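start-v4.csv follows; it contains CSV, N, CA and C atoms.
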```
chain,number,residue,atom,x,y,z
A,1,MET,N,-18.2,-17.9,-5.7
A,1,MET,CA,-18.9,-17.3,-4.6
A,1,MET,C,-18.9,-15.8,-4.8
A,2,LYS,N,-20.0,-15.2,-4.7
A,2,LYS,CA,-20.2,-13.8,-4.9
A,2,LYS,C,-19.8,-13.0,-3.6
A,3,GLU,N,-19.0,-12.0,-3.8
A,3,GLU,CA,-18.6,-11.2,-2.6
A,3,GLU,C,-19.7,-10.2,-2.3
A,4,HIS,N,-20.0,-10.0,-1.1
A,4,HIS,CA,-21.1,-9.2,-0.7
A,4,HIS,C,-20.7,-7.9,-0.1
A,5,THR,N,-19.5,-7.8,0.5
A,5,THR,CA,-19.2,-6.6,1.3
A,5,THR,C,-17.9,-6.0,0.7
A,6,ARG,N,-17.8,-4.7,1.0
A,6,ARG,CA,-16.5,-4.0,0.6
A,6,ARG,C,-15.3,-4.6,1.2
A,7,SER,N,-15.5,-5.0,2.5
A,7,SER,CA,-14.4,-5.7,3.2
A,7,SER,C,-13.9,-6.9,2.5
A,8,GLN,N,-14.8,-7.7,2.0
A,8,GLN,CA,-14.5,-8.9,1.2
A,8,GLN,C,-13.7,-8.5,-0.1
A,9,ARG,N,-14.2,-7.5,-0.8
A,9,ARG,CA,-13.5,-7.0,-2.0
A,9,ARG,C,-12.1,-6.5,-1.6
A,10,ASP,N,-12.0,-5.8,-0.5
A,10,ASP,CA,-10.7,-5.3,-0.1
A,10,ASP,C,-9.7,-6.4,0.2
A,11,LEU,N,-10.2,-7.4,0.9
A,11,LEU,CA,-9.4,-8.6,1.3
A,11,LEU,C,-8.9,-9.3,0.0
A,12,ARG,N,-9.8,-9.5,-1.0
A,12,ARG,CA,-9.4,-10.1,-2.2
A,12,ARG,C,-8.4,-9.3,-3.0
A,13,LEU,N,-8.6,-8.0,-3.0
A,13,LEU,CA,-7.6,-7.1,-3.7
A,13,LEU,C,-6.3,-7.2,-3.0
A,14,ALA,N,-6.3,-7.1,-1.7
A,14,ALA,CA,-5.0,-7.1,-1.0
A,14,ALA,C,-4.3,-8.4,-1.2
A,15,LEU,N,-5.0,-9.5,-1.1
A,15,LEU,CA,-4.4,-10.8,-1.3
A,15,LEU,C,-3.8,-10.9,-2.7
A,16,GLU,N,-4.5,-10.5,-3.7
A,16,GLU,CA,-4.0,-10.5,-5.1
A,16,GLU,C,-2.7,-9.7,-5.2
A,17,LYS,N,-2.7,-8.5,-4.7
A,17,LYS,CA,-1.6,-7.6,-4.8
A,17,LYS,C,-0.4,-8.1,-4.0
A,18,VAL,N,-0.6,-8.5,-2.8
A,18,VAL,CA,0.5,-9.0,-1.9
A,18,VAL,C,1.1,-10.3,-2.5
A,19,LEU,N,0.3,-11.2,-3.0
A,19,LEU,CA,0.8,-12.4,-3.6
A,19,LEU,C,1.6,-12.1,-4.9
A,20,ALA,N,1.2,-11.1,-5.6
A,20,ALA,CA,1.9,-10.7,-6.8
A,20,ALA,C,3.3,-10.2,-6.4
A,21,VAL,N,3.4,-9.5,-5.3
A,21,VAL,CA,4.7,-9.0,-4.9
A,21,VAL,C,5.6,-10.2,-4.5
A,22,GLU,N,5.0,-11.2,-3.8
A,22,GLU,CA,5.7,-12.4,-3.4
A,22,GLU,C,6.3,-13.1,-4.6
A,23,ARG,N,5.5,-13.3,-5.6
A,23,ARG,CA,5.9,-14.0,-6.8
A,23,ARG,C,6.9,-13.2,-7.6
A,24,ALA,N,6.8,-11.9,-7.7
A,24,ALA,CA,7.7,-11.0,-8.5
A,24,ALA,C,9.0,-10.8,-7.9
A,25,TYR,N,9.1,-10.9,-6.6
A,25,TYR,CA,10.4,-10.6,-5.9
A,25,TYR,C,10.7,-11.7,-4.9
A,26,PRO,N,11.4,-12.7,-5.4
A,26,PRO,CA,11.6,-13.9,-4.6
A,26,PRO,C,12.7,-13.8,-3.5
A,27,SER,N,13.5,-12.7,-3.6
A,27,SER,CA,14.5,-12.5,-2.6
A,27,SER,C,13.9,-12.3,-1.2
A,28,LYS,N,14.5,-13.0,-0.2
A,28,LYS,CA,14.1,-12.8,1.2
A,28,LYS,C,14.8,-11.7,1.9
A,29,ASP,N,15.7,-10.9,1.2
A,29,ASP,CA,16.4,-9.9,1.8
A,29,ASP,C,15.5,-8.8,2.3
A,30,PRO,N,15.6,-8.4,3.6
A,30,PRO,CA,14.8,-7.3,4.1
A,30,PRO,C,15.0,-6.0,3.4
A,31,GLN,N,16.2,-5.8,2.8
A,31,GLN,CA,16.5,-4.6,2.1
A,31,GLN,C,16.0,-4.6,0.6
A,32,GLY,N,15.6,-5.7,0.1
A,32,GLY,CA,15.1,-5.9,-1.2
A,32,GLY,C,13.7,-5.3,-1.3
A,33,THR,N,13.1,-5.3,-2.5
A,33,THR,CA,11.8,-4.7,-2.8
A,33,THR,C,10.8,-5.3,-1.9
A,34,LYS,N,10.7,-6.7,-1.8
A,34,LYS,CA,9.7,-7.3,-1.0
A,34,LYS,C,9.8,-6.9,0.5
A,35,GLY,N,11.0,-6.9,1.0
A,35,GLY,CA,11.2,-6.6,2.4
A,35,GLY,C,10.8,-5.1,2.7
A,36,ARG,N,11.2,-4.3,1.8
A,36,ARG,CA,10.8,-2.8,1.9
A,36,ARG,C,9.3,-2.6,1.8
A,37,TYR,N,8.7,-3.3,0.8
A,37,TYR,CA,7.3,-3.2,0.7
A,37,TYR,C,6.5,-3.7,1.9
A,38,GLN,N,7.0,-4.8,2.5
A,38,GLN,CA,6.4,-5.3,3.8
A,38,GLN,C,6.5,-4.2,4.8
A,39,ALA,N,7.7,-3.6,5.0
A,39,ALA,CA,7.8,-2.5,6.0
A,39,ALA,C,6.9,-1.3,5.7
A,40,LEU,N,6.8,-1.0,4.4
A,40,LEU,CA,5.9,0.2,4.0
A,40,LEU,C,4.5,-0.1,4.3
A,41,CYS,N,4.1,-1.4,4.1
A,41,CYS,CA,2.7,-1.7,4.4
A,41,CYS,C,2.4,-1.5,5.9
A,42,GLN,N,3.4,-1.8,6.7
A,42,GLN,CA,3.2,-1.6,8.2
A,42,GLN,C,3.2,-0.1,8.5
A,43,ASP,N,4.0,0.7,7.8
A,43,ASP,CA,4.1,2.1,8.2
A,43,ASP,C,3.1,3.0,7.5
A,44,PHE,N,2.6,2.6,6.4
A,44,PHE,CA,1.8,3.5,5.6
A,44,PHE,C,0.6,4.1,6.3
A,45,PRO,N,-0.2,3.3,7.1
A,45,PRO,CA,-1.3,3.9,7.8
A,45,PRO,C,-0.9,5.0,8.8
A,46,VAL,N,0.2,4.9,9.4
A,46,VAL,CA,0.7,5.9,10.3
A,46,VAL,C,1.1,7.1,9.5
A,47,MET,N,1.7,7.0,8.4
A,47,MET,CA,2.0,8.1,7.5
A,47,MET,C,0.7,8.9,7.1
A,48,VAL,N,-0.3,8.2,6.8
A,48,VAL,CA,-1.6,8.8,6.4
A,48,VAL,C,-2.2,9.5,7.5
A,49,ARG,N,-2.2,8.9,8.7
A,49,ARG,CA,-2.8,9.6,9.9
A,49,ARG,C,-1.9,10.8,10.3
A,50,THR,N,-0.6,10.7,10.2
A,50,THR,CA,0.3,11.8,10.6
A,50,THR,C,0.3,13.0,9.6
A,51,MET,N,0.5,12.6,8.4
A,51,MET,CA,0.7,13.7,7.3
A,51,MET,C,-0.6,14.0,6.6
A,52,GLY,N,-1.5,13.1,6.5
A,52,GLY,CA,-2.7,13.2,5.7
A,52,GLY,C,-2.4,12.4,4.4
A,53,LEU,N,-3.5,12.0,3.7
A,53,LEU,CA,-3.3,11.2,2.6
A,53,LEU,C,-2.5,11.8,1.4
A,54,ALA,N,-2.8,13.0,1.1
A,54,ALA,CA,-2.1,13.7,0.0
A,54,ALA,C,-0.6,13.8,0.3
A,55,GLN,N,-0.3,14.2,1.4
A,55,GLN,CA,1.2,14.4,1.7
A,55,GLN,C,1.9,13.0,1.8
A,56,ALA,N,1.2,12.0,2.3
A,56,ALA,CA,1.8,10.7,2.3
A,56,ALA,C,2.0,10.2,0.9
A,57,LEU,N,1.0,10.4,0.0
A,57,LEU,CA,1.2,10.0,-1.4
A,57,LEU,C,2.3,10.8,-2.1
A,58,ALA,N,2.4,12.1,-1.8
A,58,ALA,CA,3.4,13.0,-2.4
A,58,ALA,C,4.8,12.5,-1.9
A,59,PHE,N,4.9,12.1,-0.7
A,59,PHE,CA,6.2,11.6,-0.2
A,59,PHE,C,6.5,10.3,-0.9
A,60,ALA,N,5.6,9.4,-1.1
A,60,ALA,CA,5.8,8.1,-1.8
A,60,ALA,C,6.2,8.4,-3.2
A,61,GLU,N,5.5,9.3,-3.8
A,61,GLU,CA,5.7,9.7,-5.2
A,61,GLU,C,7.1,10.2,-5.4
A,62,ALA,N,7.6,11.0,-4.5
A,62,ALA,CA,9.0,11.5,-4.5
A,62,ALA,C,10.0,10.4,-4.4
A,63,LYS,N,9.7,9.4,-3.7
A,63,LYS,CA,10.6,8.3,-3.4
A,63,LYS,C,10.6,7.1,-4.4
A,64,LYS,N,9.5,7.1,-5.2
A,64,LYS,CA,9.4,5.9,-6.1
A,64,LYS,C,10.4,5.9,-7.2
A,65,GLY,N,10.6,4.7,-7.7
A,65,GLY,CA,11.5,4.5,-8.9
A,65,GLY,C,11.4,3.1,-9.4
A,66,ASP,N,12.3,2.8,-10.3
A,66,ASP,CA,12.2,1.4,-11.0
A,66,ASP,C,13.3,0.5,-10.4
A,67,GLY,N,14.2,1.0,-9.7
A,67,GLY,CA,15.3,0.1,-9.1
A,67,GLY,C,14.7,-0.8,-8.1
A,68,ASP,N,15.6,-1.8,-7.7
A,68,ASP,CA,15.2,-2.7,-6.7
A,68,ASP,C,15.3,-2.0,-5.3
A,69,GLY,N,14.5,-2.6,-4.4
A,69,GLY,CA,14.5,-2.1,-3.0
A,69,GLY,C,13.5,-1.0,-2.8
A,70,LEU,N,13.9,0.0,-2.0
A,70,LEU,CA,12.9,1.0,-1.5
A,70,LEU,C,12.2,1.7,-2.6
A,71,GLU,N,12.9,2.1,-3.7
A,71,GLU,CA,12.3,2.9,-4.8
A,71,GLU,C,11.1,2.1,-5.4
A,72,LYS,N,11.3,0.8,-5.7
A,72,LYS,CA,10.3,0.0,-6.3
A,72,LYS,C,9.2,-0.3,-5.3
A,73,ALA,N,9.5,-0.4,-4.0
A,73,ALA,CA,8.5,-0.7,-3.0
A,73,ALA,C,7.5,0.5,-2.9
A,74,TYR,N,8.0,1.7,-3.0
A,74,TYR,CA,7.1,2.9,-3.1
A,74,TYR,C,6.3,2.9,-4.3
A,75,ALA,N,6.8,2.5,-5.5
A,75,ALA,CA,6.0,2.5,-6.7
A,75,ALA,C,4.9,1.4,-6.5
A,76,LEU,N,5.2,0.3,-6.0
A,76,LEU,CA,4.2,-0.7,-5.7
A,76,LEU,C,3.1,-0.2,-4.8
A,77,LEU,N,3.5,0.5,-3.7
A,77,LEU,CA,2.6,1.0,-2.8
A,77,LEU,C,1.6,2.0,-3.5
A,78,LEU,N,2.1,2.8,-4.3
A,78,LEU,CA,1.3,3.8,-5.0
A,78,LEU,C,0.3,3.1,-6.0
A,79,GLU,N,0.8,2.0,-6.7
A,79,GLU,CA,-0.1,1.2,-7.5
A,79,GLU,C,-1.2,0.6,-6.7
A,80,HIS,N,-0.9,0.1,-5.6
A,80,HIS,CA,-1.9,-0.6,-4.8
A,80,HIS,C,-2.9,0.4,-4.2
A,81,VAL,N,-2.5,1.6,-3.8
A,81,VAL,CA,-3.4,2.6,-3.3
A,81,VAL,C,-4.3,3.0,-4.4
A,82,ALA,N,-3.8,3.2,-5.6
A,82,ALA,CA,-4.6,3.5,-6.8
A,82,ALA,C,-5.7,2.4,-7.0
A,83,ALA,N,-5.3,1.2,-6.9
A,83,ALA,CA,-6.3,0.1,-7.0
A,83,ALA,C,-7.4,0.1,-6.0
A,84,VAL,N,-7.0,0.4,-4.7
A,84,VAL,CA,-8.0,0.5,-3.7
A,84,VAL,C,-9.0,1.6,-4.0
A,85,LEU,N,-8.5,2.8,-4.5
A,85,LEU,CA,-9.3,3.9,-4.7
A,85,LEU,C,-10.0,3.9,-6.1
A,86,GLY,N,-9.7,2.9,-6.9
A,86,GLY,CA,-10.3,2.7,-8.2
A,86,GLY,C,-9.9,3.8,-9.2
A,87,VAL,N,-8.6,4.3,-9.1
A,87,VAL,CA,-8.1,5.3,-10.0
A,87,VAL,C,-6.9,4.9,-10.8
A,88,GLU,N,-6.8,3.6,-11.1
A,88,GLU,CA,-5.7,3.1,-11.9
A,88,GLU,C,-5.7,3.7,-13.2
A,89,GLY,N,-4.6,4.0,-13.8
A,89,GLY,CA,-4.5,4.6,-15.1
A,89,GLY,C,-4.5,6.1,-15.0
A,90,ARG,N,-4.8,6.7,-13.9
A,90,ARG,CA,-4.8,8.1,-13.7
A,90,ARG,C,-3.7,8.5,-12.7
A,91,ASN,N,-3.4,9.8,-12.7
A,91,ASN,CA,-2.4,10.2,-11.8
A,91,ASN,C,-3.0,10.3,-10.4
A,92,LEU,N,-2.6,9.3,-9.5
A,92,LEU,CA,-3.2,9.2,-8.2
A,92,LEU,C,-3.0,10.4,-7.3
A,93,LEU,N,-1.8,11.0,-7.3
A,93,LEU,CA,-1.6,12.2,-6.5
A,93,LEU,C,-2.5,13.4,-7.0
A,94,THR,N,-2.6,13.6,-8.2
A,94,THR,CA,-3.4,14.7,-8.8
A,94,THR,C,-4.9,14.4,-8.4
A,95,GLU,N,-5.3,13.2,-8.6
A,95,GLU,CA,-6.7,12.8,-8.3
A,95,GLU,C,-7.0,13.1,-6.8
A,96,VAL,N,-6.1,12.8,-5.9
A,96,VAL,CA,-6.4,13.0,-4.5
A,96,VAL,C,-6.3,14.5,-4.2
A,97,GLN,N,-5.3,15.2,-4.7
A,97,GLN,CA,-5.1,16.6,-4.4
A,97,GLN,C,-6.2,17.5,-5.0
A,98,GLN,N,-6.8,17.1,-6.1
A,98,GLN,CA,-7.8,18.0,-6.7
A,98,GLN,C,-9.3,17.7,-6.4
A,99,THR,N,-9.4,16.8,-5.5
A,99,THR,CA,-10.8,16.4,-5.1
A,99,THR,C,-11.3,17.4,-4.0
A,100,ASP,N,-12.6,17.4,-3.8
A,100,ASP,CA,-13.2,18.2,-2.8
A,100,ASP,C,-13.0,17.6,-1.4
A,101,ALA,N,-13.3,18.3,-0.4
A,101,ALA,CA,-13.0,17.8,1.0
A,101,ALA,C,-13.8,16.6,1.4
A,102,LEU,N,-15.0,16.4,0.9
A,102,LEU,CA,-15.8,15.2,1.3
A,102,LEU,C,-15.2,14.0,0.6
A,103,GLN,N,-14.8,14.1,-0.7
A,103,GLN,CA,-14.2,13.0,-1.4
A,103,GLN,C,-12.8,12.7,-0.8
A,104,TYR,N,-12.1,13.7,-0.4
A,104,TYR,CA,-10.8,13.5,0.2
A,104,TYR,C,-10.9,12.7,1.5
A,105,MET,N,-11.9,13.0,2.3
A,105,MET,CA,-12.1,12.2,3.5
A,105,MET,C,-12.5,10.8,3.2
A,106,HIS,N,-13.3,10.6,2.2
A,106,HIS,CA,-13.7,9.3,1.7
A,106,HIS,C,-12.5,8.5,1.3
A,107,TYR,N,-11.7,9.1,0.5
A,107,TYR,CA,-10.4,8.5,0.0
A,107,TYR,C,-9.6,8.0,1.2
A,108,THR,N,-9.4,8.9,2.1
A,108,THR,CA,-8.6,8.6,3.3
A,108,THR,C,-9.2,7.5,4.1
A,109,ARG,N,-10.5,7.5,4.3
A,109,ARG,CA,-11.1,6.4,5.0
A,109,ARG,C,-11.0,5.1,4.3
A,110,ARG,N,-11.2,5.1,3.0
A,110,ARG,CA,-11.1,3.9,2.1
A,110,ARG,C,-9.7,3.3,2.2
A,111,VAL,N,-8.7,4.1,2.1
A,111,VAL,CA,-7.3,3.6,2.2
A,111,VAL,C,-7.0,3.0,3.5
A,112,LEU,N,-7.4,3.7,4.6
A,112,LEU,CA,-7.1,3.2,5.9
A,112,LEU,C,-7.9,1.9,6.2
A,113,GLU,N,-9.2,1.8,5.7
A,113,GLU,CA,-9.9,0.5,5.9
A,113,GLU,C,-9.3,-0.6,5.2
A,114,ALA,N,-9.0,-0.4,3.9
A,114,ALA,CA,-8.4,-1.5,3.1
A,114,ALA,C,-7.0,-1.8,3.5
A,115,TRP,N,-6.3,-0.8,4.0
A,115,TRP,CA,-4.9,-1.1,4.3
A,115,TRP,C,-4.7,-2.1,5.5
A,116,VAL,N,-5.7,-2.3,6.3
A,116,VAL,CA,-5.7,-3.3,7.4
A,116,VAL,C,-5.3,-4.6,6.8
A,117,PHE,N,-5.9,-4.9,5.6
A,117,PHE,CA,-5.7,-6.2,5.0
A,117,PHE,C,-4.3,-6.3,4.3
A,118,PHE,N,-3.9,-5.2,3.7
A,118,PHE,CA,-2.5,-5.1,3.1
A,118,PHE,C,-1.5,-5.4,4.2
A,119,LYS,N,-1.7,-4.7,5.3
A,119,LYS,CA,-0.7,-4.8,6.4
A,119,LYS,C,-0.6,-6.2,7.0
A,120,ARG,N,-1.8,-6.8,7.2
A,120,ARG,CA,-1.8,-8.2,7.8
A,120,ARG,C,-1.3,-9.2,6.8
A,121,LEU,N,-1.7,-9.1,5.5
A,121,LEU,CA,-1.2,-10.0,4.5
A,121,LEU,C,0.3,-9.9,4.2
A,122,ALA,N,0.7,-8.7,4.2
A,122,ALA,CA,2.2,-8.5,3.9
A,122,ALA,C,3.0,-9.1,5.0
A,123,GLU,N,2.5,-9.0,6.2
A,123,GLU,CA,3.3,-9.7,7.3
A,123,GLU,C,3.2,-11.2,7.3
A,124,GLY,N,2.0,-11.7,6.9
A,124,GLY,CA,1.8,-13.1,6.9
A,124,GLY,C,2.2,-13.9,5.6
A,125,GLN,N,2.1,-13.2,4.5
A,125,GLN,CA,2.3,-13.9,3.2
A,125,GLN,C,3.7,-13.6,2.6
A,126,LEU,N,4.3,-12.5,2.9
A,126,LEU,CA,5.6,-12.2,2.3
A,126,LEU,C,6.8,-12.9,3.1
A,127,SER,N,7.5,-13.7,2.4
A,127,SER,CA,8.6,-14.4,3.1
A,127,SER,C,9.8,-13.6,3.1
A,128,VAL,N,10.2,-13.0,4.2
A,128,VAL,CA,11.3,-12.1,4.3
A,128,VAL,C,12.1,-12.5,5.6
A,129,ASP,N,13.4,-12.5,5.5
A,129,ASP,CA,14.2,-12.8,6.7
A,129,ASP,C,13.8,-11.9,7.8
A,130,LYS,N,13.8,-12.4,9.0
A,130,LYS,CA,13.3,-11.7,10.2
A,130,LYS,C,14.2,-10.5,10.6
A,131,GLU,N,15.4,-10.4,10.1
A,131,GLU,CA,16.2,-9.3,10.5
A,131,GLU,C,15.8,-8.0,9.8
A,132,ARG,N,14.7,-7.4,10.2
A,132,ARG,CA,14.0,-6.3,9.5
A,132,ARG,C,14.3,-5.0,10.2
A,133,LYS,N,15.1,-4.9,11.2
A,133,LYS,CA,15.2,-3.7,11.9
A,133,LYS,C,15.6,-2.5,11.1
A,134,ASP,N,16.5,-2.8,10.1
A,134,ASP,CA,17.0,-1.7,9.2
A,134,ASP,C,16.2,-1.6,7.9
A,135,ALA,N,15.1,-2.4,7.8
A,135,ALA,CA,14.4,-2.4,6.5
A,135,ALA,C,13.4,-1.3,6.4
A,136,ARG,N,13.0,-0.7,7.6
A,136,ARG,CA,12.0,0.4,7.5
A,136,ARG,C,12.6,1.6,6.8
A,137,PRO,N,11.8,2.2,6.0
A,137,PRO,CA,12.3,3.4,5.3
A,137,PRO,C,12.5,4.5,6.2
A,138,SER,N,13.5,5.3,5.8
A,138,SER,CA,13.7,6.5,6.6
A,138,SER,C,13.2,7.8,5.9
A,139,ALA,N,12.8,8.7,6.6
A,139,ALA,CA,12.2,9.9,6.0
A,139,ALA,C,13.2,10.8,5.4
```

The structure given in the file should be rewritten as structure tokens.
Amino acid sequence: MKEHTRSQRDLRLALEKVLAVERAYPSKDPQGTKGRYQALCQDFPVMVRTMGLAQALAFAEAKKGDGDGLEKAYALLLEHVAAVLGVEGRNLLTEVQQTDALQYMHYTRRVLEAWVFFKRLAEGQLSVDKERKDARPSA
């Protein structure tokens, strides 16, 4: 079936990325990578609206890492934002920071539109224990 709309492509991308997180991180611990990623998916649009896209990405870049839990969740978030914007393989933060105002607004709008799907799918598809009150990242 051919996809006709950007929303359909965003939904397919979000489903692919979220299911990859579910497969790669089987732990249901809300403090693990999957639980933290789920919480970040819920909080990321608020971060973008509050700080702006570049600052939200800079914050995530400063927090990312290879370890389990929050650091890896931030790294996954950045990878997924890069996929939404079509800038995989390039430095996402530099790409966003060095663009003109019109493209920056487009990037922001694209991320917020696509992230609706990431947010919903992360909540519905990622199996995490319900005790998530402490899983949210702190600034």

Q: Using only N, CA and C atoms, pick whichever of A:Arg110, A:Phe117, A:Gly65, A:Tyr74 has the shortest atom-to-atom distance to A:Leu13.
A: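 Checking each candidate against A:Leu13, we get A:Phe117 as the closest.
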
(Q) As an exercise, work out the distance from atom N of A:Glu16 to atom N of A:Asp100 in Å and give it to one decimal place. (A) 29.1 Å

Q) From the set A:Ala62, A:Leu53, A:Leu70, A:Met105, which residue has the shortest atom-to-atom contact distance to A:Gln31, counting only N, CA and C atoms? A)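 Looking only at the distances to A:Gln31, the closest residue turns out to be A:Leu70.
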
(Q) Give me, as a count of residues only, the residues of stretch 7-133 of chain A that a backbone DSSP run labels helix (DSSP H, G or I). (A) 95

Q | Nearest candidate to A:Arg9 (options A:Leu121, A:Leu102, A:Ala56, A:Ala114; using all atoms listed in the file) | A |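 Of all the options, A:Ala114 lies closest to A:Arg9.
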
Q) In Å, with one decimal, what is the gap from atom C of A:Arg109 to atom CA of A:Thr50? A) 14.6 Å

Q) To one decimal place, how far is atom CA of A:Ser7 from atom N of A:Pro45 in Å? A)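 It comes out at 17.3 Å.
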
Q) Given the choices A:Ala24, A:Lys63, A:Leu15, A:Ala58, which gets closest to A:Val116 if the distance is worked out from only C-alpha atoms? A)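 Among A:Ala24, A:Lys63, A:Leu15, A:Ala58, it is A:Leu15 that comes nearest to A:Val116.
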
Q. In terms of the shortest atom-to-atom distance over all atoms listed in the file, which of A:Gln125, A:Phe44, A:Asp66, A:Thr33 is closest to A:Leu112?
A. A:Phe44

Q: For A:Gln42, please output as a list in words all residues within 12 Å (counting only C-alpha atoms; exclusion window: fewer than 2 positions along the same chain).
A: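 Non-adjacent residues within range: Gly35, Arg36, Tyr37, Gln38, Ala39, Leu40, Phe44, Pro45, Val46, Met47, Val48, Leu77, Leu112, Trp115, Val116, Phe117, Phe118, Lys119, Arg120, Leu121, Ala122, Glu123, Gly124, Arg132, Ala135, Arg136 and Pro137 of chain A.
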
**Q.** Counting only C-alpha atoms, the residue of A:Gly52, A:Gly86, A:Gly32, A:Gly67 that sits nearest A:Asp10
**A.**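 Closest to A:Asp10, using only C-alpha atoms: A:Gly86.
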